[in-house]
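In what follows, a single structure is set out as structure tokens and then discussed.
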Amino acid sequence: MGLMTFLRNRAGFILVGAIGFAIVAFLVGDAINVGKPFWAASQKVVGTVDGEEINIDEFGTKVDQNLQQFKQQYGGSANPQMTAMAVDNAWNGELASILLSKEYKRLGLDVSGDELFDLMQGKKPSPLIVQYFGNPQTGEVNRAAVIQSLKQQGSNPQLKQQWDLLQIEIEKQALQQKYANLIKNSVYVTSLEANDEYQNRNKLANFSYVSLDYASIPDATVKPSESDYSDYYNDNKKKFENPAETRSFEYVSFSVNPTKADSAAIKVQVDKLAADFRASKSDSLFSAINSDVKIPYAYITKGKLDPKIDSAVFALPAGSFFGPVFSGNSYKLVKVIDTRMSPDSVKASHILLDATKMGGVDKAEKFADSLKTLVQNGGSFSALAKMYSVDGSKDKGGELGTFARGQMVPEFENAAFNGQTGDLKVVRSQFGVHLIKIENQIGSSKVAKLAYIEKNLAPSSKTKDQAYKKASAFLNSVKGDDFAAEAKKAGYTVSVADRISGSQGYAPGLDNPRQLIRDAFGAEKGDVLTEVYQMDNAFVIAHLTDIKPKGILPLEAVKKDIEPMVINAVKAKMLTEKLKNAAQGASSLAQVAQKMGKTVMPVQNIVFANPIVPGAAQENKLIGSVFGSPVGKLSKPVDGERAVYLFTVNGFTNPAPIGNTYKQKETMLQGIAQRSLGAAFQALQDKSDIKDNRVKFY
């Protein structure tokens, strides 16, 4: 009854509220994608630059492109470090694109239509046009090919899309060059600066010193006061600027390395596998099915295999069997199928035909045969490639340059390396049908065709389960405030990962830490992360110990880190007093040394630009004081990096007058100009409001 009365009394308010919400939802619906909640957009924002959002969909594509480039450059599959590099590259590219675009607009920099025409078709082509349409030997651009390709845009949508993208990149490069020139032309070197630099690198100082090392006072006897800490902090505040938020955590690893029982079981499996491999009639299929590491069933050159088996295998005749041999962390078994002498590299051209557009592979091969006949009868291979090939090399007449084994797909490689110079061969591959022309074969060395099996020594499921149970038990028993104590009680080693950034792809002692780092950035200081993290060879339990925000860190955040320097600063005051007392009434450095029971140390031919004291350390403050002191006068104590010093300048050797001030200024200007562009970009970042949310996505 009470509920019904409430509804009757409040019905008007409820109805108005419902209508109001519906209107708001309708209005908001126009501003967002239909069917998506209004908060969904924020879930796709990787970061913002002065309010401009970077969307994960576009950003992810750029990360993938960078990752593919790194995989081609470094080889192998993607790993956490490679992925982190790809994410950083994409992020820096986005920052540059947004910040520089704003700066170009502010400065009034643009590329006119005439400039763009000249960059694409004129006498001063863009480096990108040279790359795509230039002769590799001469660098000369084939302008006729450029114009022809531009004309074909109207009938080829894919080509038009490529030209649109290329034009954007050409404009971007041109603007970057204009901006770089503007920055470089804004810096200069005066004659006074040139002369100072020359003096700093060539004027020689000879001096003698007496020192009292900080190490002469035990750290345990020094008790810095709060004012000692604050004095050091205030004098060095710039050192404590944190460019990005970082997290620190401690962790315990539970190893899943193979046990002796695991090793014995795998050895039994490998011995049986070896017997089956010897008897197998289908070597390529058998090795492909059973090997943990895939090696192409193709001819390879010496030096490609593990050193422990490489020399032995290449000394064996065809039909031989080698192994099992344990090396690294795996057993290797090899059947030598064939050996022969083969070119080290091949120079070739090709015409690639798209079989799907020609009615099938058979028709494509027949057409390739007809092209082969045309070439054999005197036709131009280059002209036919430009006319019929669907490969990017068509604009160079099908030229692929010189390549070694392992750079082409097996079908193409076999045809190129097994033929003779001048041969024309028709082959099919995953890319289509090729007409290959072998231009030249260079060198000759032994190659072998191998059936190869590699079986990794890996932990058993039982070993993994035991490690996981230990990790889970520890996670259930531990709390943040007793993490280290509980680990020590259980006999576990606690490791530390200090100041990890959100985008970092590595952490000390951890081979696959990205998920752990992401979770650490979503936790509070003192939290034990609630997941058992699986690395390549361990399970890990982690405890978040510290959070350092972006910006200048407060004294309390760095107090522990600066303690050794503060202790040295206190020691410096104590030792300075000792040297001052010893110097009272002394007329020479030798008298001071005698009072202190120290030896006078002579130093010869020191230059200001290289402030290294032989046998001591880099002592900037000491060397700076030496070059600012008169000859023969006993100095005041100088607190350095390693000790407190008292010195006397014995003399200076001035260099000959600078011979060519202009050359000195040019040398200095080159270095300053190279640094100026990076400094300008850093300044743009420092003055911008940049929010980095990458850790939520990667």
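We name chains A, B, ... following the order of the structure tokens; residues begin at 1 in each chain, and ligands are numbered from 1 as shown.
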
Dump as a tab-separated table the rows for residues of segment 134-229 of chain A within 10 Å of segment 90-102 of chain A: closest atom pair and distance in Å with one decimal, only C-alpha atoms counted, ordered by chain and rising residue number.
```
residue	atom	partner	partner_atom	distance
A:Lys172	CA	A:Ser97	CA	8.9
A:Leu175	CA	A:Ser101	CA	9.0
A:Gln176	CA	A:Leu100	CA	8.2
A:Tyr179	CA	A:Leu100	CA	8.7
```

Export, as an mmCIF file, in the first residue's frame, the selected residues with C-alpha atoms.
```cif
data_model
loop_
_atom_site.group_PDB
_atom_site.id
_atom_site.type_symbol
_atom_site.label_atom_id
_atom_site.label_comp_id
_atom_site.auth_asym_id
_atom_site.auth_seq_id
_atom_site.Cartn_x
_atom_site.Cartn_y
_atom_site.Cartn_z
ATOM 1 C CA LYS A 172 54.871 16.292 -45.065
ATOM 2 C CA LEU A 175 57.206 20.945 -44.563
ATOM 3 C CA GLN A 176 59.562 19.088 -42.222
ATOM 4 C CA TYR A 179 60.857 23.737 -40.527
#
```

Fewer than 6 positions away in the same chain doesn't count, so skip those; otherwise give me all residues within 12 Å of Thr61 of chain A, counting only C-alpha atoms, as a short mmCIF file (atom, residue, chain, number, x, y, z; two decimals) with all heavy atoms, in the first residue's frame.
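Written out: part-v7.cif:
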```cif
data_model
loop_
_atom_site.label_atom_id
_atom_site.label_comp_id
_atom_site.auth_asym_id
_atom_site.auth_seq_id
_atom_site.Cartn_x
_atom_site.Cartn_y
_atom_site.Cartn_z
N ASN A 55 43.05 8.15 -31.62
CA ASN A 55 42.13 7.02 -31.55
C ASN A 55 42.87 5.70 -31.71
O ASN A 55 43.79 5.57 -32.52
CB ASN A 55 41.07 7.17 -32.66
CG ASN A 55 40.00 6.11 -32.56
OD1 ASN A 55 40.19 5.00 -33.03
ND2 ASN A 55 38.88 6.46 -31.96
N LEU A 67 55.59 -2.62 -36.26
CA LEU A 67 55.97 -3.96 -35.81
C LEU A 67 56.44 -4.81 -36.98
O LEU A 67 57.43 -5.55 -36.89
CB LEU A 67 54.79 -4.61 -35.10
CG LEU A 67 55.08 -5.89 -34.31
CD1 LEU A 67 56.18 -5.65 -33.28
CD2 LEU A 67 53.81 -6.38 -33.62
N GLN A 68 55.74 -4.72 -38.11
CA GLN A 68 56.14 -5.47 -39.31
C GLN A 68 57.52 -5.03 -39.79
O GLN A 68 58.34 -5.86 -40.18
CB GLN A 68 55.10 -5.27 -40.42
CG GLN A 68 53.76 -5.95 -40.17
CD GLN A 68 53.89 -7.45 -39.93
OE1 GLN A 68 54.65 -8.15 -40.61
NE2 GLN A 68 53.15 -7.94 -38.95
N ALA A 86 57.68 -0.64 -31.17
CA ALA A 86 56.70 -0.27 -32.20
C ALA A 86 55.68 0.72 -31.65
O ALA A 86 55.31 1.68 -32.33
CB ALA A 86 56.00 -1.53 -32.72
N VAL A 87 55.23 0.50 -30.41
CA VAL A 87 54.27 1.41 -29.78
C VAL A 87 54.90 2.79 -29.58
O VAL A 87 54.29 3.83 -29.85
CB VAL A 87 53.77 0.84 -28.44
CG1 VAL A 87 52.92 1.86 -27.70
CG2 VAL A 87 52.96 -0.43 -28.67
N ALA A 90 55.22 4.61 -32.95
CA ALA A 90 53.93 5.11 -33.40
C ALA A 90 53.50 6.33 -32.57
O ALA A 90 52.98 7.31 -33.10
CB ALA A 90 52.87 4.01 -33.32
N TRP A 91 53.74 6.26 -31.27
CA TRP A 91 53.37 7.37 -30.38
C TRP A 91 54.17 8.63 -30.73
O TRP A 91 53.60 9.72 -30.84
CB TRP A 91 53.62 6.97 -28.94
CG TRP A 91 53.36 8.05 -27.93
CD1 TRP A 91 54.29 8.77 -27.24
CD2 TRP A 91 52.08 8.53 -27.48
NE1 TRP A 91 53.68 9.67 -26.40
CE2 TRP A 91 52.33 9.54 -26.53
CE3 TRP A 91 50.77 8.20 -27.80
CZ2 TRP A 91 51.30 10.23 -25.89
CZ3 TRP A 91 49.74 8.90 -27.16
CH2 TRP A 91 50.01 9.89 -26.23
#
```

Compile the contact shell of Ala383 of chain A as a PyMOL selection string: residues with an atom at most 10 Å away, counting only C-alpha atoms, same-chain residues fewer than 6 positions apart removed.
chain A and resi 389+394-398

Can you write out the residues you just picked, keeping N, CA, C and O atoms, as a PDB file, in the first residue's frame?
```
ATOM      1  N   SER A 389      53.538  -6.709 -65.660  1.00  0.00           N
ATOM      2  CA  SER A 389      53.788  -7.148 -64.287  1.00  0.00           C
ATOM      3  C   SER A 389      52.898  -6.410 -63.299  1.00  0.00           C
ATOM      4  O   SER A 389      52.615  -5.221 -63.470  1.00  0.00           O
ATOM      5  N   LYS A 394      57.847  -3.394 -61.456  1.00  0.00           N
ATOM      6  CA  LYS A 394      57.525  -3.181 -62.881  1.00  0.00           C
ATOM      7  C   LYS A 394      58.087  -1.863 -63.400  1.00  0.00           C
ATOM      8  O   LYS A 394      58.503  -1.773 -64.551  1.00  0.00           O
ATOM      9  N   ASP A 395      58.096  -0.826 -62.522  1.00  0.00           N
ATOM     10  CA  ASP A 395      58.581   0.481 -62.958  1.00  0.00           C
ATOM     11  C   ASP A 395      60.089   0.491 -63.193  1.00  0.00           C
ATOM     12  O   ASP A 395      60.618   1.428 -63.787  1.00  0.00           O
ATOM     13  N   LYS A 396      60.772  -0.541 -62.696  1.00  0.00           N
ATOM     14  CA  LYS A 396      62.209  -0.676 -62.940  1.00  0.00           C
ATOM     15  C   LYS A 396      62.477  -1.778 -63.965  1.00  0.00           C
ATOM     16  O   LYS A 396      63.574  -2.341 -64.014  1.00  0.00           O
ATOM     17  N   GLY A 397      61.449  -2.095 -64.757  1.00  0.00           N
ATOM     18  CA  GLY A 397      61.613  -3.139 -65.761  1.00  0.00           C
ATOM     19  C   GLY A 397      61.694  -4.522 -65.162  1.00  0.00           C
ATOM     20  O   GLY A 397      62.264  -5.442 -65.765  1.00  0.00           O
ATOM     21  N   GLY A 398      61.140  -4.682 -63.972  1.00  0.00           N
ATOM     22  CA  GLY A 398      61.139  -5.996 -63.312  1.00  0.00           C
ATOM     23  C   GLY A 398      62.397  -6.294 -62.529  1.00  0.00           C
ATOM     24  O   GLY A 398      62.532  -7.387 -61.962  1.00  0.00           O
TER      25      GLY A 398
END
```

I want to know what sits within 12 Å of Asp362 of chain A, based on only C-alpha atoms, with residues of the same chain fewer than 6 positions away left out; could you give that as an MDAnalysis selection string?
chainID A and resid 353:356 368:369 426:428 432:433

Write a file of the just-selected residues containing all heavy atoms, as a PDB file, in the first residue's frame.
```pdb
ATOM      1  N   LEU A 353      52.564 -12.219 -62.737  1.00  0.00           N
ATOM      2  CA  LEU A 353      51.199 -12.226 -63.280  1.00  0.00           C
ATOM      3  C   LEU A 353      50.221 -12.658 -62.195  1.00  0.00           C
ATOM      4  O   LEU A 353      50.479 -13.617 -61.452  1.00  0.00           O
ATOM      5  CB  LEU A 353      51.110 -13.188 -64.468  1.00  0.00           C
ATOM      6  CG  LEU A 353      52.096 -12.937 -65.621  1.00  0.00           C
ATOM      7  CD1 LEU A 353      51.962 -14.035 -66.669  1.00  0.00           C
ATOM      8  CD2 LEU A 353      51.872 -11.562 -66.245  1.00  0.00           C
ATOM      9  N   ASP A 354      49.107 -11.938 -62.108  1.00  0.00           N
ATOM     10  CA  ASP A 354      48.062 -12.261 -61.128  1.00  0.00           C
ATOM     11  C   ASP A 354      47.129 -13.302 -61.742  1.00  0.00           C
ATOM     12  O   ASP A 354      46.298 -12.988 -62.605  1.00  0.00           O
ATOM     13  CB  ASP A 354      47.300 -10.991 -60.748  1.00  0.00           C
ATOM     14  CG  ASP A 354      46.315 -11.236 -59.610  1.00  0.00           C
ATOM     15  OD1 ASP A 354      46.015 -12.409 -59.312  1.00  0.00           O
ATOM     16  OD2 ASP A 354      45.845 -10.250 -59.020  1.00  0.00           O
ATOM     17  N   ALA A 355      47.269 -14.558 -61.297  1.00  0.00           N
ATOM     18  CA  ALA A 355      46.496 -15.662 -61.885  1.00  0.00           C
ATOM     19  C   ALA A 355      44.995 -15.481 -61.687  1.00  0.00           C
ATOM     20  O   ALA A 355      44.190 -15.894 -62.528  1.00  0.00           O
ATOM     21  CB  ALA A 355      46.949 -16.990 -61.275  1.00  0.00           C
ATOM     22  N   THR A 356      44.588 -14.832 -60.576  1.00  0.00           N
ATOM     23  CA  THR A 356      43.153 -14.677 -60.297  1.00  0.00           C
ATOM     24  C   THR A 356      42.481 -13.764 -61.316  1.00  0.00           C
ATOM     25  O   THR A 356      41.280 -13.863 -61.552  1.00  0.00           O
ATOM     26  CB  THR A 356      42.936 -14.102 -58.885  1.00  0.00           C
ATOM     27  OG1 THR A 356      43.592 -12.828 -58.777  1.00  0.00           O
ATOM     28  CG2 THR A 356      43.498 -15.038 -57.830  1.00  0.00           C
ATOM     29  N   ALA A 368      52.605 -16.537 -69.535  1.00  0.00           N
ATOM     30  CA  ALA A 368      54.018 -16.367 -69.189  1.00  0.00           C
ATOM     31  C   ALA A 368      54.909 -17.046 -70.232  1.00  0.00           C
ATOM     32  O   ALA A 368      55.969 -16.516 -70.605  1.00  0.00           O
ATOM     33  CB  ALA A 368      54.293 -16.937 -67.800  1.00  0.00           C
ATOM     34  N   ASP A 369      54.474 -18.217 -70.714  1.00  0.00           N
ATOM     35  CA  ASP A 369      55.227 -18.923 -71.765  1.00  0.00           C
ATOM     36  C   ASP A 369      55.283 -18.096 -73.050  1.00  0.00           C
ATOM     37  O   ASP A 369      56.315 -18.061 -73.737  1.00  0.00           O
ATOM     38  CB  ASP A 369      54.594 -20.290 -72.046  1.00  0.00           C
ATOM     39  CG  ASP A 369      54.894 -21.306 -70.963  1.00  0.00           C
ATOM     40  OD1 ASP A 369      55.984 -21.202 -70.360  1.00  0.00           O
ATOM     41  OD2 ASP A 369      54.053 -22.188 -70.715  1.00  0.00           O
ATOM     42  N   VAL A 426      59.639 -20.083 -65.962  1.00  0.00           N
ATOM     43  CA  VAL A 426      58.275 -19.814 -65.512  1.00  0.00           C
ATOM     44  C   VAL A 426      58.017 -20.660 -64.268  1.00  0.00           C
ATOM     45  O   VAL A 426      58.141 -21.886 -64.309  1.00  0.00           O
ATOM     46  CB  VAL A 426      57.243 -20.153 -66.611  1.00  0.00           C
ATOM     47  CG1 VAL A 426      55.823 -19.968 -66.076  1.00  0.00           C
ATOM     48  CG2 VAL A 426      57.471 -19.297 -67.846  1.00  0.00           C
ATOM     49  N   VAL A 427      57.678 -19.991 -63.149  1.00  0.00           N
ATOM     50  CA  VAL A 427      57.388 -20.712 -61.898  1.00  0.00           C
ATOM     51  C   VAL A 427      56.156 -20.092 -61.252  1.00  0.00           C
ATOM     52  O   VAL A 427      55.834 -18.926 -61.472  1.00  0.00           O
ATOM     53  CB  VAL A 427      58.576 -20.661 -60.903  1.00  0.00           C
ATOM     54  CG1 VAL A 427      59.796 -21.345 -61.477  1.00  0.00           C
ATOM     55  CG2 VAL A 427      58.898 -19.230 -60.502  1.00  0.00           C
ATOM     56  N   ARG A 428      55.485 -20.913 -60.436  1.00  0.00           N
ATOM     57  CA  ARG A 428      54.345 -20.395 -59.682  1.00  0.00           C
ATOM     58  C   ARG A 428      54.727 -20.337 -58.201  1.00  0.00           C
ATOM     59  O   ARG A 428      55.502 -21.160 -57.702  1.00  0.00           O
ATOM     60  CB  ARG A 428      53.113 -21.258 -59.900  1.00  0.00           C
ATOM     61  CG  ARG A 428      53.247 -22.662 -59.364  1.00  0.00           C
ATOM     62  CD  ARG A 428      51.928 -23.428 -59.411  1.00  0.00           C
ATOM     63  NE  ARG A 428      51.560 -23.847 -60.766  1.00  0.00           N
ATOM     64  CZ  ARG A 428      50.506 -24.597 -61.031  1.00  0.00           C
ATOM     65  NH1 ARG A 428      49.717 -25.011 -60.049  1.00  0.00           N
ATOM     66  NH2 ARG A 428      50.239 -24.958 -62.270  1.00  0.00           N
ATOM     67  N   GLY A 432      51.716 -15.592 -57.254  1.00  0.00           N
ATOM     68  CA  GLY A 432      51.208 -15.664 -58.617  1.00  0.00           C
ATOM     69  C   GLY A 432      52.150 -16.458 -59.502  1.00  0.00           C
ATOM     70  O   GLY A 432      52.883 -17.339 -59.039  1.00  0.00           O
ATOM     71  N   VAL A 433      52.158 -16.134 -60.790  1.00  0.00           N
ATOM     72  CA  VAL A 433      53.034 -16.814 -61.753  1.00  0.00           C
ATOM     73  C   VAL A 433      54.145 -15.838 -62.161  1.00  0.00           C
ATOM     74  O   VAL A 433      53.871 -14.684 -62.513  1.00  0.00           O
ATOM     75  CB  VAL A 433      52.248 -17.276 -62.988  1.00  0.00           C
ATOM     76  CG1 VAL A 433      53.192 -17.841 -64.052  1.00  0.00           C
ATOM     77  CG2 VAL A 433      51.222 -18.342 -62.585  1.00  0.00           C
TER      78      VAL A 433
END
```

Please report as a tab-separated table every residue of segment 440-511 of chain A lying within 12 Å of segment 249-272 of chain A, along with the nearest atom pair and their distance in Å (one decimal), using only C-alpha atoms.
```
residue	atom	partner	partner_atom	distance
A:Ile453	CA	A:Val270	CA	10.0
A:Glu454	CA	A:Val270	CA	9.5
A:Lys455	CA	A:Val270	CA	7.5
A:Asn456	CA	A:Ile266	CA	8.7
A:Leu457	CA	A:Ser263	CA	6.7
A:Ala458	CA	A:Pro258	CA	5.7
A:Pro459	CA	A:Pro258	CA	4.0
A:Ser460	CA	A:Asp262	CA	6.0
A:Ser461	CA	A:Asp262	CA	9.5
A:Lys462	CA	A:Asp262	CA	9.2
A:Thr463	CA	A:Val256	CA	6.4
A:Lys464	CA	A:Val256	CA	5.6
A:Asp465	CA	A:Val256	CA	8.9
A:Gln466	CA	A:Val256	CA	8.5
A:Ala467	CA	A:Phe254	CA	5.7
A:Tyr468	CA	A:Phe254	CA	7.6
A:Lys469	CA	A:Phe254	CA	9.6
A:Lys470	CA	A:Phe254	CA	7.3
A:Ala471	CA	A:Phe254	CA	6.3
A:Ser472	CA	A:Phe254	CA	10.0
A:Ala473	CA	A:Phe254	CA	11.3
A:Phe474	CA	A:Val252	CA	9.2
A:Leu475	CA	A:Val252	CA	9.9
A:Val478	CA	A:Val252	CA	11.4
A:Gly480	CA	A:Glu250	CA	10.3
A:Asp481	CA	A:Glu250	CA	12.0
A:Asp482	CA	A:Glu250	CA	11.9
A:Phe483	CA	A:Glu250	CA	8.6
A:Ala484	CA	A:Glu250	CA	8.2
A:Ala485	CA	A:Val252	CA	11.9
A:Glu486	CA	A:Val252	CA	10.7
A:Ala487	CA	A:Val252	CA	7.5
A:Lys488	CA	A:Val252	CA	10.2
A:Ala490	CA	A:Val252	CA	10.9
A:Gly491	CA	A:Val252	CA	10.5
A:Tyr492	CA	A:Val252	CA	6.7
A:Thr493	CA	A:Val252	CA	6.1
A:Val494	CA	A:Val252	CA	5.1
A:Ser495	CA	A:Tyr251	CA	5.4
A:Val496	CA	A:Glu250	CA	4.4
A:Ala497	CA	A:Phe249	CA	5.4
A:Asp498	CA	A:Phe249	CA	6.5
A:Arg499	CA	A:Phe249	CA	8.4
A:Ile500	CA	A:Phe249	CA	8.5
A:Ser501	CA	A:Phe249	CA	11.6
A:Ala507	CA	A:Phe249	CA	10.1
A:Pro508	CA	A:Glu250	CA	10.5
A:Gly509	CA	A:Ser253	CA	9.1
A:Leu510	CA	A:Ser253	CA	8.9
A:Asp511	CA	A:Ser253	CA	11.5
```

Extract the full set of helix (DSSP H, G or I) residues from segment 45-220 of chain A according to DSSP on the backbone, and format it as a ChimeraX atom specification.
/A:56-74,80-107,113-121,127-133,143-155,157-184,191-202,214-216,219-220

I'd like to know which of A:Gly419, A:Val325, A:Glu411, A:Pro157 is closest to Phe431 of chain A, using only C-alpha atoms.
A:Glu411

Kindly indicate which residue among A:Asn234, A:Thr530, A:Arg514, A:Lys636 lies nearest to Thr83 of chain A, using only C-alpha atoms for the distances.
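Among A:Asn234, A:Thr530, A:Arg514, A:Lys636, it is A:Arg514 that comes nearest to Thr83 of chain A.
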
Fewer than 5 positions away in the same chain doesn't count, so skip those; otherwise give me all residues within 10 Å of segment 371-380 of chain A, counting only C-alpha atoms, as an NGL selection string.
:A and (351 or 365-366 or 385 or 388 or 397 or 423-426 or 435-437)

Go ahead and write the selection's residues with N, CA, C and O atoms as a CSV table (one decimal), in the first residue's frame.
```
chain,number,residue,atom,x,y,z
A,351,ILE,N,58.7,-10.9,-64.2
A,351,ILE,CA,57.3,-10.4,-64.5
A,351,ILE,C,56.3,-11.2,-63.7
A,351,ILE,O,56.3,-12.4,-63.9
A,365,GLU,N,50.1,-19.3,-66.7
A,365,GLU,CA,51.4,-19.9,-67.1
A,365,GLU,C,51.5,-19.9,-68.6
A,365,GLU,O,52.6,-19.7,-69.1
A,366,LYS,N,50.4,-20.1,-69.3
A,366,LYS,CA,50.5,-20.1,-70.8
A,366,LYS,C,50.9,-18.7,-71.3
A,366,LYS,O,51.6,-18.5,-72.2
A,385,ALA,N,57.8,-6.1,-68.8
A,385,ALA,CA,57.5,-6.0,-67.3
A,385,ALA,C,56.7,-4.8,-67.0
A,385,ALA,O,55.8,-4.9,-66.2
A,388,TYR,N,53.1,-5.6,-68.2
A,388,TYR,CA,52.2,-6.7,-67.7
A,388,TYR,C,52.4,-7.0,-66.3
A,388,TYR,O,51.5,-7.7,-65.7
A,397,GLY,N,61.4,-2.1,-64.8
A,397,GLY,CA,61.6,-3.1,-65.8
A,397,GLY,C,61.7,-4.5,-65.2
A,397,GLY,O,62.3,-5.4,-65.8
A,423,ASP,N,69.1,-17.7,-68.3
A,423,ASP,CA,67.9,-18.6,-68.4
A,423,ASP,C,66.6,-17.7,-68.2
A,423,ASP,O,66.6,-16.8,-67.4
A,424,LEU,N,65.5,-18.2,-68.8
A,424,LEU,CA,64.2,-17.6,-68.6
A,424,LEU,C,63.3,-18.8,-68.0
A,424,LEU,O,63.3,-19.9,-68.6
A,425,LYS,N,62.7,-18.6,-66.8
A,425,LYS,CA,62.0,-19.7,-66.2
A,425,LYS,C,60.6,-19.2,-65.8
A,425,LYS,O,60.5,-18.1,-65.3
A,426,VAL,N,59.6,-20.1,-66.0
A,426,VAL,CA,58.3,-19.8,-65.5
A,426,VAL,C,58.0,-20.7,-64.3
A,426,VAL,O,58.1,-21.9,-64.3
A,435,LEU,N,57.6,-15.0,-64.5
A,435,LEU,CA,58.6,-15.2,-65.6
A,435,LEU,C,59.9,-14.6,-65.1
A,435,LEU,O,60.0,-13.4,-64.9
A,436,ILE,N,60.9,-15.5,-64.8
A,436,ILE,CA,62.1,-15.0,-64.2
A,436,ILE,C,63.2,-15.0,-65.2
A,436,ILE,O,63.4,-15.9,-66.0
A,437,LYS,N,64.0,-13.9,-65.2
A,437,LYS,CA,65.2,-13.8,-66.1
A,437,LYS,C,66.4,-13.7,-65.2
A,437,LYS,O,66.5,-12.8,-64.3
```

Using only C-alpha atoms, which protein or nucleic acid residues come within 10 Å of Asn620 of chain A? Drop anything in the same chain fewer than 5 positions from it, and give the result as JSON, numbers by chain.
{"A": [608, 609, 610, 611, 612, 613, 625, 626, 640, 641]}

One decimal, Å: what's the distance from atom CA of Asp292 of chain A over to atom CA of Asn329 of chain A, could you say?
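That distance, rounded to one decimal, is 11.7 Å.
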
Select from segment 106-253 of chain A everything DSSP, run on the backbone, classes as strand (DSSP E), then give the selection as a ChimeraX atom specification.
/A:204-213,241-242,246-253

Which residue, A:Leu273, A:Ala415, A:Val695, A:Ala215, has the smallest gap to Phe286 of chain A when you use only C-alpha atoms?
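Selected residue with least distance to Phe286 of chain A: A:Leu273.
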